[in-house]
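A.B. asks: So that we are looking at the same thing, I have put the structure below in structure tokens.
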Amino acid sequence: MAPSGSRSVDCWRVLYWIPVLFISLIVAWSYYAYVVQLCIDTIENMGEKIVYLLVYHVLFIMFVWTYWQTIFTKPMNPLKEFHLSHSDKELLEREDRRESQQEILRRIAKDLPIYTSTMSGAIRYCDHCLLLKPDRCHHCSACDMCILKMDHHCPWVNNCVGFANYKFFMLFLAYSLLYCLFITATDLQYFIQFWTNGLPDTQAKFHIMFLFFAASMFSVSLAFLFAYHCWLVCKNRSTLEAFRAPTFQHGPDKNGFSLGTSKNFRQVFGDEKKYWLLPVFSSLGDGCSFPTCLVNADPEQPSSPSGRNPSVKSAGESHQFPPKPLRDSQSRLLNNGQSEGSEDRDKRGDTPHLRSTRNTANLSVLCALR
């Protein structure tokens with residue numbers, strides 16, 4: 001006999017699908033109202049009817065496809081190297097003092113591409129999944145797992161939006177907005193005829209009225225949500241990072257992962273333009289390590305996670321993660337940024353001596369501020 005605790009958990013998981021079921025019913029009704037009641041029964045012009053049905057079905061297919069991908073794309077787990085070994089778990093469990101536990105975690109993390117920490121400067125460790133959290137990774141209590149580049153848990157898709165499906169989520173917002181705007185625009189003239197008694201007295205006019213109200217209201221909410229996430233993509237931030245900036249060695253920095261609008265966009269949608277509008281995974285990287293403007297930002301400066309001279313440390317800085325070679329896609333993003341920066345400096349006539357002098361001056365100001 002199954003324990004009562006497991007049955008209650010299963011019941012809650014079933015309830016999580018109610019928002020998805022609600023959206024599915026709304027979409028199914030909108031299909032019937034638009035295709036049958038509006039296009040087939042109401043519109044008399046055959047050319048207008050064919051064009052409306054053709055465009056509608058293209059948007060409908062893309063909308064459903066992206067929604068499906070967002071729902072059923074499973075979040076990616078952190079790589080095995082971030083999980084604690086059996087011996088490390090036992091060693092961590094034997095230690096009662098937090099300082100000793102942090103020393104163990106620092107020893108494990110020294111070879112990992114981790115550049116962020118907690119607000120207090122501690123190693124980000126998940127007690128539930130028993131792993132060191134990669135940068136931008138967070139534990140989701142609803143999914144009961146650590147999510148790579150977690151943005152938020154969305155009840156409307158009953159899934160976490162993160163590295164694995166963030167592109168799908170963006171396309172879902174885009175196509176759902178286009179879907180609603182198209183219905184609103186093409187249904188407007190018949191909605192006006194409803195109020196001027198220009199439609200025959202059939203059940204179709206009530207479907208046309210409610211279809212216009214539903215599509216227009218969803219359009220407004222989707223427009224704001226889509227615009228907000230477009231802003232996040234351009235800034236290379238997640239929803240969580242927009243509310244709480246990631247903490248690097250020099251402190252919180254909301255722009256720590258931003259590489260410029262173009263590179264930030266390609267980090268989500270990929271380098272190949274032919275996949276940008278399709279719900280096919282094309283994001284760059286592995287979700288565990290990300291290029292940052294604080295790592296190797298200037299090729300003439302020594303490599304350090306914060307872009308500073310490793311020999312200059314604050315009094316409270318007790319640990320520094322060594323830079324680890326980035327994946328090919330990540331290195332390409334950084335290299336492009338460095339080459340573009342070098343070209344801009346050459347156009348301004350900067351010499352290596354002047355750049356070195358500026359870097360030294362900037363470093364002196366940073367030390368003085370500390």
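Each chain in the structure tokens gets a letter, A, B and so on, in the order shown; residues start at 1 in every chain, and ligands are counted from 1 in the order they appear.
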Give me, as a PDB file with N, CA and C atoms, in the first residue's frame, all polymer residues having an atom no more than 10 Å from Asp151 of chain A, counting only C-alpha atoms and skipping those fewer than 4 positions away in the same chain.

C.D. replies:
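The resulting file, out-v1.pdb, is reproduced below:
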ATOM      1  N   ARG A 136      24.368  30.858 -12.204  1.00  0.00           N
ATOM      2  CA  ARG A 136      23.006  31.092 -12.695  1.00  0.00           C
ATOM      3  C   ARG A 136      22.078  29.908 -12.459  1.00  0.00           C
ATOM      4  N   CYS A 137      22.529  28.911 -11.718  1.00  0.00           N
ATOM      5  CA  CYS A 137      21.710  27.735 -11.416  1.00  0.00           C
ATOM      6  C   CYS A 137      21.020  27.948 -10.067  1.00  0.00           C
ATOM      7  N   HIS A 138      19.737  27.525  -9.982  1.00  0.00           N
ATOM      8  CA  HIS A 138      18.978  27.665  -8.749  1.00  0.00           C
ATOM      9  C   HIS A 138      18.125  26.418  -8.547  1.00  0.00           C
ATOM     10  N   ILE A 147      17.959  23.832 -11.488  1.00  0.00           N
ATOM     11  CA  ILE A 147      17.673  24.189 -12.869  1.00  0.00           C
ATOM     12  C   ILE A 147      18.794  25.077 -13.400  1.00  0.00           C
ATOM     13  N   CYS A 160       9.741  24.480 -15.321  1.00  0.00           N
ATOM     14  CA  CYS A 160      10.685  25.545 -15.066  1.00  0.00           C
ATOM     15  C   CYS A 160      11.212  26.081 -16.392  1.00  0.00           C
ATOM     16  N   VAL A 161      11.288  27.385 -16.503  1.00  0.00           N
ATOM     17  CA  VAL A 161      11.878  28.018 -17.672  1.00  0.00           C
ATOM     18  C   VAL A 161      13.344  28.287 -17.350  1.00  0.00           C
ATOM     19  N   GLY A 162      14.220  27.649 -18.113  1.00  0.00           N
ATOM     20  CA  GLY A 162      15.645  27.773 -17.858  1.00  0.00           C
ATOM     21  C   GLY A 162      16.449  27.615 -19.133  1.00  0.00           C
ATOM     22  N   PHE A 163      17.680  27.166 -18.976  1.00  0.00           N
ATOM     23  CA  PHE A 163      18.583  27.072 -20.118  1.00  0.00           C
ATOM     24  C   PHE A 163      18.026  26.169 -21.210  1.00  0.00           C
ATOM     25  N   TYR A 166      14.447  28.090 -22.567  1.00  0.00           N
ATOM     26  CA  TYR A 166      14.185  29.533 -22.559  1.00  0.00           C
ATOM     27  C   TYR A 166      13.916  30.063 -23.972  1.00  0.00           C
ATOM     28  N   ARG A 237      20.048  38.711 -18.703  1.00  0.00           N
ATOM     29  CA  ARG A 237      19.650  38.473 -17.323  1.00  0.00           C
ATOM     30  C   ARG A 237      18.471  37.514 -17.295  1.00  0.00           C
ATOM     31  N   SER A 238      18.348  36.796 -16.215  1.00  0.00           N
ATOM     32  CA  SER A 238      17.146  36.016 -15.973  1.00  0.00           C
ATOM     33  C   SER A 238      16.207  36.834 -15.098  1.00  0.00           C
ATOM     34  N   THR A 239      14.984  36.351 -14.935  1.00  0.00           N
ATOM     35  CA  THR A 239      14.043  37.056 -14.068  1.00  0.00           C
ATOM     36  C   THR A 239      14.569  37.124 -12.643  1.00  0.00           C
ATOM     37  N   LEU A 240      15.181  36.035 -12.177  1.00  0.00           N
ATOM     38  CA  LEU A 240      15.749  36.021 -10.827  1.00  0.00           C
ATOM     39  C   LEU A 240      16.891  37.024 -10.707  1.00  0.00           C
ATOM     40  N   GLU A 241      17.733  37.108 -11.731  1.00  0.00           N
ATOM     41  CA  GLU A 241      18.865  38.037 -11.693  1.00  0.00           C
ATOM     42  C   GLU A 241      18.414  39.486 -11.817  1.00  0.00           C
ATOM     43  N   ALA A 242      17.244  39.714 -12.411  1.00  0.00           N
ATOM     44  CA  ALA A 242      16.733  41.070 -12.499  1.00  0.00           C
ATOM     45  C   ALA A 242      16.304  41.587 -11.131  1.00  0.00           C
TER      46      ALA A 242
END

A.B. asks: Could you pull out the strand (DSSP E) residues of segment 50-182 of chain A from DSSP and send them as a PyMOL selection string?

C.D. replies: chain A and resi 125-126+131-132+138-140+145-147+152-154+159-161

A.B. asks: Mind checking which residues fall within 9 Å of segment 203-206 of chain A, counting only C-alpha atoms, ignoring those fewer than 6 positions away in the same chain, and posting them as a PyMOL selection string?

C.D. replies: chain A and resi 33+36-38+41-42+190-191+194

A.B. asks: Extract, using only C-alpha atoms, all DNA, RNA and protein residues at most 8 Å from Asn158 of chain A, discarding same-chain residues fewer than 5 positions from it, and format them as a list in words.

C.D. replies: Tyr16, Trp17, Pro19, Val20, Ile71 and His153 of chain A

A.B. asks: Kindly assemble as a Markdown table a list of the segment 164-254 of chain A residues that lie within 7 Å of segment 103-126 of chain A, each paired with its nearest atom pair and their distance in Å to one decimal, using only C-alpha atoms, sorted first by chain and then by ascending residue number.

C.D. replies:
| residue | atom | partner | partner_atom | distance |
| --- | --- | --- | --- | --- |
| A:Pro246 | CA | A:Thr116 | CA | 6.5 |
| A:Thr247 | CA | A:Thr116 | CA | 5.3 |
| A:Phe248 | CA | A:Thr116 | CA | 4.6 |

A.B. asks: What's around Leu173 of chain A at 8 Å? Count only C-alpha atoms, leave out sequence neighbours fewer than 4 positions away in its own chain, and write the answer as a count of residues only.

C.D. replies: 5

A.B. asks: In Å, with one decimal, what is the gap from atom CA of Pro155 of chain A to atom CA of Ser24 of chain A?

C.D. replies: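 Value for the atom CA of Pro155 of chain A-atom CA of Ser24 of chain A distance: 13.3 Å.
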
A.B. asks: When you count only C-alpha atoms, which of these residues is closest to Leu54 of chain A: A:Phe182, A:Gln249, A:Met209, A:Phe172?

C.D. replies: A:Phe182

A.B. asks: May I ask which of the residues A:Val157, A:Met150, A:Val27, A:Ile183 is the closest one to Leu53 of chain A, counting only C-alpha atoms?

C.D. replies: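 The answer is A:Ile183, which sits nearest to Leu53 of chain A.
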
A.B. asks: Hey, which of A:Tyr275, A:Trp156, A:Tyr52, A:Ala227 ends up closest to Tyr34 of chain A? Count only C-alpha atoms.

C.D. replies: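 Among A:Tyr275, A:Trp156, A:Tyr52, A:Ala227, it is A:Tyr52 that comes nearest to Tyr34 of chain A.
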
A.B. asks: Pull the helix (DSSP H, G or I) assignments for segment 35-89 of chain A out of DSSP run on the backbone, and list those residues as a ChimeraX atom specification.

C.D. replies: /A:35-40,46-72,80-82,86-89

A.B. asks: Go ahead and write the residues just picked, N, CA, C and O atoms, as a compact mmCIF listing (two decimals), in the first residue's frame.

C.D. replies:
# COMPACT_ATOMS: atom_id res chain seq x y z
N VAL A 35 -12.29 29.33 -36.78
CA VAL A 35 -12.36 28.57 -38.03
C VAL A 35 -13.80 28.30 -38.45
O VAL A 35 -14.21 28.56 -39.60
N VAL A 36 -14.59 27.78 -37.51
CA VAL A 36 -15.95 27.35 -37.86
C VAL A 36 -16.92 28.53 -37.86
O VAL A 36 -17.59 28.82 -38.86
N GLN A 37 -17.00 29.21 -36.70
CA GLN A 37 -18.03 30.24 -36.55
C GLN A 37 -17.73 31.50 -37.35
O GLN A 37 -18.65 32.11 -37.91
N LEU A 38 -16.46 31.92 -37.40
CA LEU A 38 -16.14 33.16 -38.11
C LEU A 38 -15.86 32.91 -39.59
O LEU A 38 -16.54 33.45 -40.47
N CYS A 39 -14.83 32.08 -39.87
CA CYS A 39 -14.40 31.93 -41.26
C CYS A 39 -15.41 31.17 -42.12
O CYS A 39 -15.73 31.58 -43.25
N ILE A 40 -15.91 30.06 -41.61
CA ILE A 40 -16.77 29.20 -42.43
C ILE A 40 -18.21 29.72 -42.46
O ILE A 40 -18.84 29.80 -43.52
N MET A 46 -14.86 34.56 -50.49
CA MET A 46 -14.05 33.34 -50.53
C MET A 46 -12.56 33.65 -50.45
O MET A 46 -11.80 32.94 -49.76
N GLY A 47 -12.08 34.68 -51.15
CA GLY A 47 -10.66 35.03 -51.10
C GLY A 47 -10.22 35.43 -49.69
O GLY A 47 -9.17 35.01 -49.21
N GLU A 48 -11.03 36.25 -49.04
CA GLU A 48 -10.74 36.66 -47.66
C GLU A 48 -10.74 35.46 -46.73
O GLU A 48 -9.89 35.34 -45.84
N LYS A 49 -11.68 34.57 -46.96
CA LYS A 49 -11.78 33.37 -46.11
C LYS A 49 -10.53 32.50 -46.24
O LYS A 49 -9.99 32.02 -45.23
N ILE A 50 -10.04 32.30 -47.45
CA ILE A 50 -8.87 31.44 -47.67
C ILE A 50 -7.62 32.05 -47.06
O ILE A 50 -6.82 31.37 -46.40
N VAL A 51 -7.44 33.35 -47.26
CA VAL A 51 -6.26 34.02 -46.70
C VAL A 51 -6.27 33.96 -45.18
O VAL A 51 -5.26 33.65 -44.54
N TYR A 52 -7.42 34.24 -44.58
CA TYR A 52 -7.53 34.21 -43.12
C TYR A 52 -7.23 32.81 -42.59
O TYR A 52 -6.50 32.65 -41.60
N LEU A 53 -7.78 31.80 -43.22
CA LEU A 53 -7.57 30.42 -42.75
C LEU A 53 -6.11 30.00 -42.90
O LEU A 53 -5.56 29.31 -42.03
N LEU A 54 -5.48 30.41 -44.00
CA LEU A 54 -4.08 30.03 -44.24
C LEU A 54 -3.16 30.66 -43.19
O LEU A 54 -2.36 29.96 -42.55
N VAL A 55 -3.27 31.97 -43.00
CA VAL A 55 -2.42 32.65 -42.02
C VAL A 55 -2.71 32.16 -40.62
O VAL A 55 -1.79 31.94 -39.81
N TYR A 56 -3.99 31.96 -40.33
CA TYR A 56 -4.37 31.50 -38.98
C TYR A 56 -3.74 30.16 -38.66
O TYR A 56 -3.21 29.96 -37.55
N HIS A 57 -3.78 29.22 -39.59
CA HIS A 57 -3.26 27.88 -39.30
C HIS A 57 -1.74 27.88 -39.17
O HIS A 57 -1.18 27.09 -38.40
N VAL A 58 -1.04 28.75 -39.89
CA VAL A 58 0.41 28.86 -39.71
C VAL A 58 0.73 29.33 -38.30
O VAL A 58 1.57 28.75 -37.60
N LEU A 59 0.04 30.39 -37.85
CA LEU A 59 0.27 30.90 -36.50
C LEU A 59 -0.18 29.89 -35.45
O LEU A 59 0.48 29.74 -34.40
N PHE A 60 -1.27 29.20 -35.71
CA PHE A 60 -1.77 28.21 -34.75
C PHE A 60 -0.77 27.07 -34.58
O PHE A 60 -0.49 26.64 -33.45
N ILE A 61 -0.22 26.58 -35.68
CA ILE A 61 0.75 25.47 -35.60
C ILE A 61 2.00 25.91 -34.85
O ILE A 61 2.50 25.18 -33.98
N MET A 62 2.53 27.08 -35.15
CA MET A 62 3.73 27.56 -34.47
C MET A 62 3.46 27.81 -32.99
O MET A 62 4.30 27.53 -32.13
N PHE A 63 2.29 28.34 -32.69
CA PHE A 63 1.91 28.59 -31.30
C PHE A 63 1.84 27.28 -30.51
O PHE A 63 2.40 27.16 -29.41
N VAL A 64 1.16 26.29 -31.05
CA VAL A 64 1.03 25.00 -30.35
C VAL A 64 2.38 24.29 -30.26
O VAL A 64 2.71 23.69 -29.23
N TRP A 65 3.17 24.37 -31.31
CA TRP A 65 4.48 23.72 -31.32
C TRP A 65 5.39 24.30 -30.23
O TRP A 65 6.02 23.55 -29.47
N THR A 66 5.47 25.62 -30.16
CA THR A 66 6.33 26.23 -29.15
C THR A 66 5.80 25.99 -27.74
O THR A 66 6.58 25.81 -26.79
N TYR A 67 4.48 25.99 -27.57
CA TYR A 67 3.89 25.71 -26.26
C TYR A 67 4.22 24.29 -25.82
O TYR A 67 4.58 24.04 -24.66
N TRP A 68 4.11 23.36 -26.74
CA TRP A 68 4.43 21.97 -26.45
C TRP A 68 5.90 21.82 -26.04
O TRP A 68 6.22 21.12 -25.07
N GLN A 69 6.80 22.45 -26.78
CA GLN A 69 8.22 22.38 -26.47
C GLN A 69 8.54 22.98 -25.11
O GLN A 69 9.36 22.45 -24.36
N THR A 70 7.89 24.08 -24.78
CA THR A 70 8.13 24.71 -23.48
C THR A 70 7.66 23.83 -22.34
O THR A 70 8.30 23.76 -21.28
N ILE A 71 6.55 23.14 -22.54
CA ILE A 71 6.00 22.29 -21.48
C ILE A 71 6.83 21.02 -21.29
O ILE A 71 7.20 20.67 -20.16
N PHE A 72 7.16 20.34 -22.37
CA PHE A 72 7.69 18.99 -22.26
C PHE A 72 9.21 18.90 -22.44
O PHE A 72 9.75 17.80 -22.48
N LYS A 80 28.10 16.24 -14.27
CA LYS A 80 28.52 15.36 -13.20
C LYS A 80 29.63 15.96 -12.35
O LYS A 80 29.72 15.70 -11.15
N GLU A 81 30.46 16.81 -12.95
CA GLU A 81 31.59 17.37 -12.21
C GLU A 81 31.16 18.30 -11.09
O GLU A 81 31.94 18.59 -10.19
N PHE A 82 29.89 18.77 -11.13
CA PHE A 82 29.39 19.65 -10.07
C PHE A 82 28.78 18.85 -8.92
O PHE A 82 28.49 19.44 -7.88
N HIS A 86 30.99 10.43 -3.35
CA HIS A 86 30.53 9.78 -2.12
C HIS A 86 31.44 10.14 -0.95
O HIS A 86 30.95 10.41 0.17
N SER A 87 32.73 10.17 -1.18
CA SER A 87 33.66 10.50 -0.09
C SER A 87 33.50 11.96 0.34
O SER A 87 33.57 12.27 1.54
N ASP A 88 33.27 12.86 -0.62
CA ASP A 88 33.07 14.27 -0.27
C ASP A 88 31.78 14.48 0.51
O ASP A 88 31.72 15.31 1.42
N LYS A 89 30.75 13.71 0.16
CA LYS A 89 29.49 13.81 0.90
C LYS A 89 29.69 13.38 2.35
O LYS A 89 29.20 14.04 3.28

A.B. asks: Atom CA of Cys146 of chain A and atom CA of Asn159 of chain A, how far apart in Å?

C.D. replies: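 Spanning atom CA of Asn159 of chain A to atom CA of Cys146 of chain A is a straight-line distance of 12.6 Å.
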